[in-house]
Amino acid sequence: METTLSPIRPIPVHPGLPVVGNTLEYLRDPLAFFRRLQRDYGHERMVRINVGGRATTLMLKPEETKQVVQENNRNYGRGKSFAILKTFLGNGLLTSEGDLWRKQRRLAQPAFHRQKLAILAETMIEEAVAWADRLEKVADNKPVNFSTATTDVTLRIVTKTLFGSSLGDQLDSLSTALANLNHFAINAVVNPIRAPKWVPTPSKRNFERATTQVNNLIFGIIESRRKTGETRDDLLDMLLRATDEETGEGMSDEQLRDEMVTLFTAGHETTATSMAWTLYLLAQHPGILQRAKAEIRATLGERSQPSADDLRAMPYLSQIINESLRLYPPGWVMSRLSLGPDRFGDHAIAANEGVLLSPYVLHHDPASWSDPERFDPERFAPELSKERHPYAYMPFGGGPRLCIGNQFALMEMQALLIVLLHRFELRPIPGLQVTAQPLITLRPRQAVQIYLS
C-alpha cells in the first residue's frame, strides 16, 4: 500500500526589513530572536529567516533536527560559517566533510575510547588539585573570577592531555595566537558585513601572523615526536600511531596539525565556558549545591581527592552538569547546507539551501521541558530522561558527527567539580546577574564571580 504524501506548503517566512532582512533583529539579541521564532512558529516546526543576506531555515523541533543530523545526514554538508572556522582550524574533525571526515573519524576514534580516557583522567585530577591549590591562595575574602579561572585550568588540562607536557613558555604564545585566531573567526561569523577577502585589514594581518605562529609550534612538536619515536600517554601519541584499518595509512603532518589545533581550541574554550555556567548556577541554588557536596563526601569518604573510577560514580553530579548544558549549551547553534532536496512533512527544502539547528532552541522548548528557564537537575533522573525525544537534548550535536570529545569534556567537568566542591564552599555575590552572550560559543556576558571559603 503506497503512502500518499500531503501537498507541500511553503515554509513560513519571518518578515524582515528590505535588503537587511532579519539581520538587525538577530544582531540585537540572537537568543531572544530565536525564542520569539520558537514561540511564533513552533506549530509549523520550522521558519525561514534572512540574516546577512542569506536565507536559511531554522529547525524548531527535535524530529526535524534528527532528520538533518542523523536520518538523512549525508544530504547535509557544513554551512557557510564553517568556511570561516576552516581558515584556522584547517580540515579537522569539526570542519572536514565527506570521505576525508570519515577517514579522520576512524583514525581518531580509538583515542577517545573509555580505556584511553581513563589514562587521561589521572592528568585531569592532578590538574584539578593543583587548580584548587592556586585558588586557595587567592580566594581570601574576595570573589574569584571563574570566567578566567576555568579557562586557565582547562587550558592546562588540554595542553597536558594533548602534548604530554605543559609546553612551558610555548603555552603562552600558543594560547595567545589561538585566542587571536578565535577572535578573528568570531567577528567574521557574527558580523554579516565584512570587507572583501583581498583587503589587507589589520585583523587579517594579525590572523596571518597568528596562523604562522601556531603552525610553526605544532609542526615543530610533531616533527620532534616523529624523530624521537618516544611513547607518551597523550592524545598526540595516540593520533601519531593511529592507522586506517582499510589502507594501513596514518595521518600526515598536515592532518595531525589540523586535528591538534581543533582539539586544542574546542577542548578548553567550550569546557571552560560550561564550567563557569555550572558554578554560577550552583552558587545561585544552595540546596542543589549541598546535595552535590553530600554525594561527593559519601563517595570519597576519607580520601581528599577522587580516582578515575569516582568520576563515573556520582549520578547527581552528572545530572547537574547535564542541566547546566541544557540551559547554556556551548554550541548554541550550528549551520548546515542541503546537498539535495529534502521533505519534512508538508514542508520541503531544495538543494543548496541553508539550514540552522539550535540546541539552545531545543533545550528551551516548553513542549519538551516544563518551565524551561528553571535550573532543575531532576530533569535528568533516569526515569524522566526515558520519556523525552532523544534530540530534545543535544549539547554535543548528534548523529554520526556527535562530538568526538564529549566524554572527555564530561569527565573533565566531573574532575574539576568534585575537587572544587570537596575543598570549598561557594557563596554568590548578592544581586549578581549573569546573562548569556551568543558568540561562537554561549559565553557569560558578565564575569562569573563567586566567593570561596
# chains A, B, ... in the order shown; residues from 1 in each chain; ligands from 1
$ residues_around --residues "segment 94-111 of chain A" --least-positions-apart "2" --cutoff "8 Å" --atoms "only C-alpha atoms" --output "list in words"
Gly77, Arg78, Phe82, Ala83, Leu85, Lys86, Leu89, Gly90, Asn91, Gly92, His113, Lys116, Leu117, Leu235, Met238, Leu239, Ala242, Thr243, Asp244, Gly250, Met251, Thr262 and Ile404 of chain A
$ write_last_selection --atoms "N, CA, C and O atoms" --output "compact mmCIF listing (two decimals), in the first residue's frame"
# COMPACT_ATOMS: atom_id res chain seq x y z
N GLY A 77 25.80 19.12 4.24
CA GLY A 77 27.19 19.47 4.48
C GLY A 77 27.29 20.58 5.50
O GLY A 77 26.29 21.09 6.01
N ARG A 78 28.52 20.98 5.80
CA ARG A 78 28.74 22.06 6.74
C ARG A 78 28.25 23.37 6.13
O ARG A 78 28.41 23.62 4.93
N PHE A 82 31.15 27.54 8.59
CA PHE A 82 32.27 26.64 8.84
C PHE A 82 33.46 26.96 7.94
O PHE A 82 34.60 26.63 8.26
N ALA A 83 33.20 27.61 6.80
CA ALA A 83 34.31 28.01 5.93
C ALA A 83 35.20 29.02 6.64
O ALA A 83 36.42 29.04 6.44
N LEU A 85 35.62 29.12 10.02
CA LEU A 85 36.36 28.35 11.02
C LEU A 85 37.49 27.56 10.37
O LEU A 85 38.57 27.38 10.96
N LYS A 86 37.26 27.09 9.15
CA LYS A 86 38.27 26.29 8.46
C LYS A 86 39.54 27.08 8.18
O LYS A 86 40.62 26.51 8.03
N LEU A 89 41.21 26.38 11.61
CA LEU A 89 41.18 25.00 12.10
C LEU A 89 41.65 24.02 11.03
O LEU A 89 42.02 22.89 11.35
N GLY A 90 41.64 24.44 9.77
CA GLY A 90 42.00 23.53 8.70
C GLY A 90 40.93 22.47 8.51
O GLY A 90 39.75 22.70 8.77
N ASN A 91 41.34 21.28 8.09
CA ASN A 91 40.40 20.19 7.85
C ASN A 91 40.37 19.22 9.02
O ASN A 91 40.56 18.02 8.86
N GLY A 92 40.17 19.77 10.23
CA GLY A 92 40.00 18.91 11.40
C GLY A 92 38.60 18.32 11.43
O GLY A 92 37.77 18.59 10.56
N HIS A 113 38.36 6.17 23.26
CA HIS A 113 37.70 5.04 23.90
C HIS A 113 37.87 5.13 25.41
O HIS A 113 38.79 5.77 25.92
N LYS A 116 41.31 4.57 27.08
CA LYS A 116 42.26 5.66 26.84
C LYS A 116 41.91 6.87 27.70
O LYS A 116 42.80 7.53 28.25
N LEU A 117 40.61 7.16 27.82
CA LEU A 117 40.19 8.31 28.62
C LEU A 117 40.52 8.11 30.10
O LEU A 117 40.81 9.08 30.81
N LEU A 235 47.20 12.39 23.76
CA LEU A 235 46.42 12.25 22.54
C LEU A 235 47.26 12.35 21.28
O LEU A 235 46.98 11.68 20.29
N MET A 238 48.64 8.97 20.59
CA MET A 238 47.61 8.07 20.08
C MET A 238 47.30 8.36 18.62
O MET A 238 47.10 7.43 17.82
N LEU A 239 47.27 9.65 18.25
CA LEU A 239 46.97 10.01 16.86
C LEU A 239 48.16 9.72 15.94
O LEU A 239 47.98 9.34 14.79
N ALA A 242 47.97 6.05 15.11
CA ALA A 242 46.73 5.56 14.51
C ALA A 242 46.93 5.23 13.04
O ALA A 242 47.57 5.98 12.30
N THR A 243 46.38 4.10 12.62
CA THR A 243 46.43 3.72 11.21
C THR A 243 45.04 3.30 10.75
O THR A 243 44.26 2.75 11.51
N ASP A 244 44.76 3.57 9.49
CA ASP A 244 43.47 3.24 8.90
C ASP A 244 43.41 1.74 8.67
O ASP A 244 44.29 1.15 8.04
N GLY A 250 48.58 6.21 8.10
CA GLY A 250 48.37 7.07 9.25
C GLY A 250 48.04 8.48 8.80
O GLY A 250 47.77 8.74 7.63
N MET A 251 48.08 9.41 9.75
CA MET A 251 47.80 10.81 9.43
C MET A 251 49.07 11.51 8.94
O MET A 251 50.15 11.28 9.46
N THR A 262 42.29 21.81 16.28
CA THR A 262 40.86 21.67 16.55
C THR A 262 40.62 21.22 17.98
O THR A 262 39.79 21.80 18.71
N ILE A 404 33.35 14.12 19.11
CA ILE A 404 34.20 13.01 19.49
C ILE A 404 34.73 13.17 20.91
O ILE A 404 35.07 12.20 21.58
$ residues_around --residues "Phe163 of chain A" --least-positions-apart "4" --cutoff "10 Å" --atoms "only C-alpha atoms" --output "list of chain:residue names"
A:Ile157, A:Val158, A:Thr159, A:Leu167, A:Ile218, A:Ile221, A:Ile222, A:Arg225, A:Arg232, A:Asp233, A:Asp234, A:Leu235, A:Leu236, A:Asp237, A:Met260, A:Phe264
$ closest_atom_pairs --of "segment 193-277 of chain A" --to "segment 328-336 of chain A" --cutoff "10 Å" --atoms "only C-alpha atoms" --output "tab-separated table"
residue	atom	partner	partner_atom	distance
A:Glu269	CA	A:Pro330	CA	9.1
A:Thr270	CA	A:Pro330	CA	5.8
A:Thr271	CA	A:Pro330	CA	8.1
A:Ala272	CA	A:Pro330	CA	9.7
A:Thr273	CA	A:Pro330	CA	7.0
A:Ser274	CA	A:Pro330	CA	6.6
A:Trp277	CA	A:Tyr328	CA	7.2
$ residues_around --residues "segment 444-452 of chain A" --least-positions-apart "4" --cutoff "8 Å" --atoms "only C-alpha atoms" --output "ChimeraX atom specification"
/A:139-147,273,276-277,280,283,424-429,433-437
$ write_last_selection --atoms "N, CA, C and O atoms" --output "mmCIF file, in the first residue's frame"
data_model
loop_
_atom_site.group_PDB
_atom_site.id
_atom_site.type_symbol
_atom_site.label_atom_id
_atom_site.label_comp_id
_atom_site.auth_asym_id
_atom_site.auth_seq_id
_atom_site.Cartn_x
_atom_site.Cartn_y
_atom_site.Cartn_z
ATOM 1 N N ALA A 139 41.743 33.193 47.067
ATOM 2 C CA ALA A 139 40.338 33.343 47.479
ATOM 3 C C ALA A 139 40.230 33.754 48.941
ATOM 4 O O ALA A 139 39.613 33.071 49.746
ATOM 5 N N ASP A 140 40.838 34.871 49.301
ATOM 6 C CA ASP A 140 40.825 35.341 50.678
ATOM 7 C C ASP A 140 39.948 36.589 50.774
ATOM 8 O O ASP A 140 40.393 37.708 50.557
ATOM 9 N N ASN A 141 38.659 36.365 51.107
ATOM 10 C CA ASN A 141 37.694 37.452 51.294
ATOM 11 C C ASN A 141 37.453 38.281 50.032
ATOM 12 O O ASN A 141 37.012 39.426 50.116
ATOM 13 N N LYS A 142 37.776 37.738 48.886
ATOM 14 C CA LYS A 142 37.424 38.418 47.649
ATOM 15 C C LYS A 142 36.935 37.381 46.645
ATOM 16 O O LYS A 142 37.393 36.227 46.662
ATOM 17 N N PRO A 143 36.010 37.759 45.791
ATOM 18 C CA PRO A 143 35.451 36.765 44.866
ATOM 19 C C PRO A 143 36.469 36.335 43.811
ATOM 20 O O PRO A 143 37.371 37.090 43.440
ATOM 21 N N VAL A 144 36.301 35.104 43.344
ATOM 22 C CA VAL A 144 37.126 34.555 42.275
ATOM 23 C C VAL A 144 36.400 34.744 40.947
ATOM 24 O O VAL A 144 35.197 34.480 40.847
ATOM 25 N N ASN A 145 37.110 35.216 39.950
ATOM 26 C CA ASN A 145 36.552 35.354 38.610
ATOM 27 C C ASN A 145 36.680 34.007 37.902
ATOM 28 O O ASN A 145 37.740 33.662 37.386
ATOM 29 N N PHE A 146 35.591 33.252 37.896
ATOM 30 C CA PHE A 146 35.638 31.924 37.293
ATOM 31 C C PHE A 146 35.539 31.963 35.765
ATOM 32 O O PHE A 146 35.771 30.946 35.115
ATOM 33 N N SER A 147 35.221 33.103 35.189
ATOM 34 C CA SER A 147 35.273 33.208 33.733
ATOM 35 C C SER A 147 36.706 33.045 33.237
ATOM 36 O O SER A 147 36.947 32.498 32.160
ATOM 37 N N THR A 273 33.822 27.459 29.469
ATOM 38 C CA THR A 273 32.555 28.187 29.491
ATOM 39 C C THR A 273 31.483 27.393 30.234
ATOM 40 O O THR A 273 30.753 27.942 31.072
ATOM 41 N N ALA A 276 32.101 27.487 33.992
ATOM 42 C CA ALA A 276 31.733 28.776 34.589
ATOM 43 C C ALA A 276 30.220 28.856 34.799
ATOM 44 O O ALA A 276 29.743 29.288 35.863
ATOM 45 N N TRP A 277 29.454 28.418 33.794
ATOM 46 C CA TRP A 277 27.998 28.422 33.939
ATOM 47 C C TRP A 277 27.552 27.495 35.065
ATOM 48 O O TRP A 277 26.650 27.835 35.858
ATOM 49 N N TYR A 280 28.233 29.034 38.445
ATOM 50 C CA TYR A 280 27.292 30.137 38.661
ATOM 51 C C TYR A 280 25.931 29.599 39.112
ATOM 52 O O TYR A 280 25.338 30.099 40.088
ATOM 53 N N ALA A 283 26.114 28.173 42.721
ATOM 54 C CA ALA A 283 26.192 29.229 43.732
ATOM 55 C C ALA A 283 24.826 29.886 43.949
ATOM 56 O O ALA A 283 24.520 30.345 45.058
ATOM 57 N N PHE A 424 35.909 23.496 48.823
ATOM 58 C CA PHE A 424 35.401 24.836 49.130
ATOM 59 C C PHE A 424 33.883 24.861 49.281
ATOM 60 O O PHE A 424 33.170 24.026 48.743
ATOM 61 N N GLU A 425 33.428 25.899 49.991
ATOM 62 C CA GLU A 425 32.032 26.322 49.937
ATOM 63 C C GLU A 425 31.925 27.441 48.897
ATOM 64 O O GLU A 425 32.837 28.262 48.771
ATOM 65 N N LEU A 426 30.816 27.468 48.164
ATOM 66 C CA LEU A 426 30.578 28.527 47.187
ATOM 67 C C LEU A 426 29.539 29.495 47.742
ATOM 68 O O LEU A 426 28.504 29.067 48.264
ATOM 69 N N ARG A 427 29.824 30.786 47.624
ATOM 70 C CA ARG A 427 28.853 31.793 48.040
ATOM 71 C C ARG A 427 28.681 32.815 46.911
ATOM 72 O O ARG A 427 29.671 33.345 46.397
ATOM 73 N N PRO A 428 27.433 33.073 46.516
ATOM 74 C CA PRO A 428 27.211 34.009 45.407
ATOM 75 C C PRO A 428 27.431 35.456 45.832
ATOM 76 O O PRO A 428 27.367 35.792 47.015
ATOM 77 N N ILE A 429 27.705 36.304 44.871
ATOM 78 C CA ILE A 429 27.705 37.743 45.105
ATOM 79 C C ILE A 429 26.255 38.213 45.048
ATOM 80 O O ILE A 429 25.585 38.006 44.036
ATOM 81 N N GLN A 433 23.781 39.174 38.407
ATOM 82 C CA GLN A 433 23.024 38.531 37.342
ATOM 83 C C GLN A 433 23.929 38.369 36.130
ATOM 84 O O GLN A 433 24.452 39.355 35.611
ATOM 85 N N VAL A 434 24.124 37.150 35.710
ATOM 86 C CA VAL A 434 24.960 36.874 34.552
ATOM 87 C C VAL A 434 24.056 36.477 33.389
ATOM 88 O O VAL A 434 23.202 35.602 33.534
ATOM 89 N N THR A 435 24.234 37.117 32.250
ATOM 90 C CA THR A 435 23.436 36.813 31.071
ATOM 91 C C THR A 435 24.325 36.178 30.002
ATOM 92 O O THR A 435 25.546 36.261 30.064
ATOM 93 N N ALA A 436 23.686 35.543 29.036
ATOM 94 C CA ALA A 436 24.415 34.796 28.006
ATOM 95 C C ALA A 436 24.775 35.685 26.837
ATOM 96 O O ALA A 436 23.983 36.531 26.404
ATOM 97 N N GLN A 437 25.971 35.494 26.326
ATOM 98 C CA GLN A 437 26.452 36.213 25.139
ATOM 99 C C GLN A 437 26.719 35.199 24.032
ATOM 100 O O GLN A 437 27.693 34.446 24.094
#
$ select_by_dssp --residues "segment 32-249 of chain A" --states "strand (DSSP E)" --output "list in words"
Met46, Val47, Arg48, Ile49, Asn50, Val51, Arg54, Ala55, Thr56, Thr57, Leu58, Met59, Tyr76, Gly77, Arg78, Val144 and Asn145 of chain A
$ closest_residue --among "A:Ala294, A:Val361, A:Ala266, A:Ala348" --to "Ala32 of chain A" --atoms "only C-alpha atoms"
A:Val361
$ residues_around --residues "Val214 of chain A" --least-positions-apart "6" --cutoff "12 Å" --atoms "only C-alpha atoms" --output "ChimeraX atom specification"
/A:88-90,170-181,207-208,220-221,257-258,260-262,264-265
$ select_by_dssp --residues "segment 53-296 of chain A" --states "helix (DSSP H, G or I)" --output "NGL selection string"
:A and (62-71 or 73-75 or 81-89 or 98-112 or 114-138 or 146-163 or 169-190 or 202-228 or 235-240 or 253-284 or 286-296)
$ residues_around --residues "segment 45-54 of chain A" --least-positions-apart "5" --cutoff "7 Å" --atoms "only C-alpha atoms" --output "JSON, numbers by chain"
{"A": [11, 12, 13, 14, 20, 21, 22, 23, 59, 60, 61, 192]}
$ closest_residue --among "A:Gly248, A:Leu31, A:Phe184, A:Gly301" --to "Thr211 of chain A" --atoms "only C-alpha atoms"
A:Phe184
$ atom_distance --atom1 "atom CA of Ser318 of chain A" --atom2 "atom CA of Pro430 of chain A"
27.0 Å
$ residues_around --residues "segment 127-129 of chain A" --least-positions-apart "2" --cutoff "9 Å" --atoms "only C-alpha atoms" --output "list of chain:residue names"
A:Glu122, A:Thr123, A:Met124, A:Ile125, A:Trp131, A:Ala132, A:Asp133, A:Arg134, A:Val153, A:Thr154, A:Arg156, A:Ile157, A:Gln305, A:Glu412, A:Ala415, A:Leu416, A:Leu417, A:Ile418, A:Val419, A:Leu420
$ atom_distance --atom1 "atom CA of Cys403 of chain A" --atom2 "atom CA of Leu58 of chain A"
21.1 Å
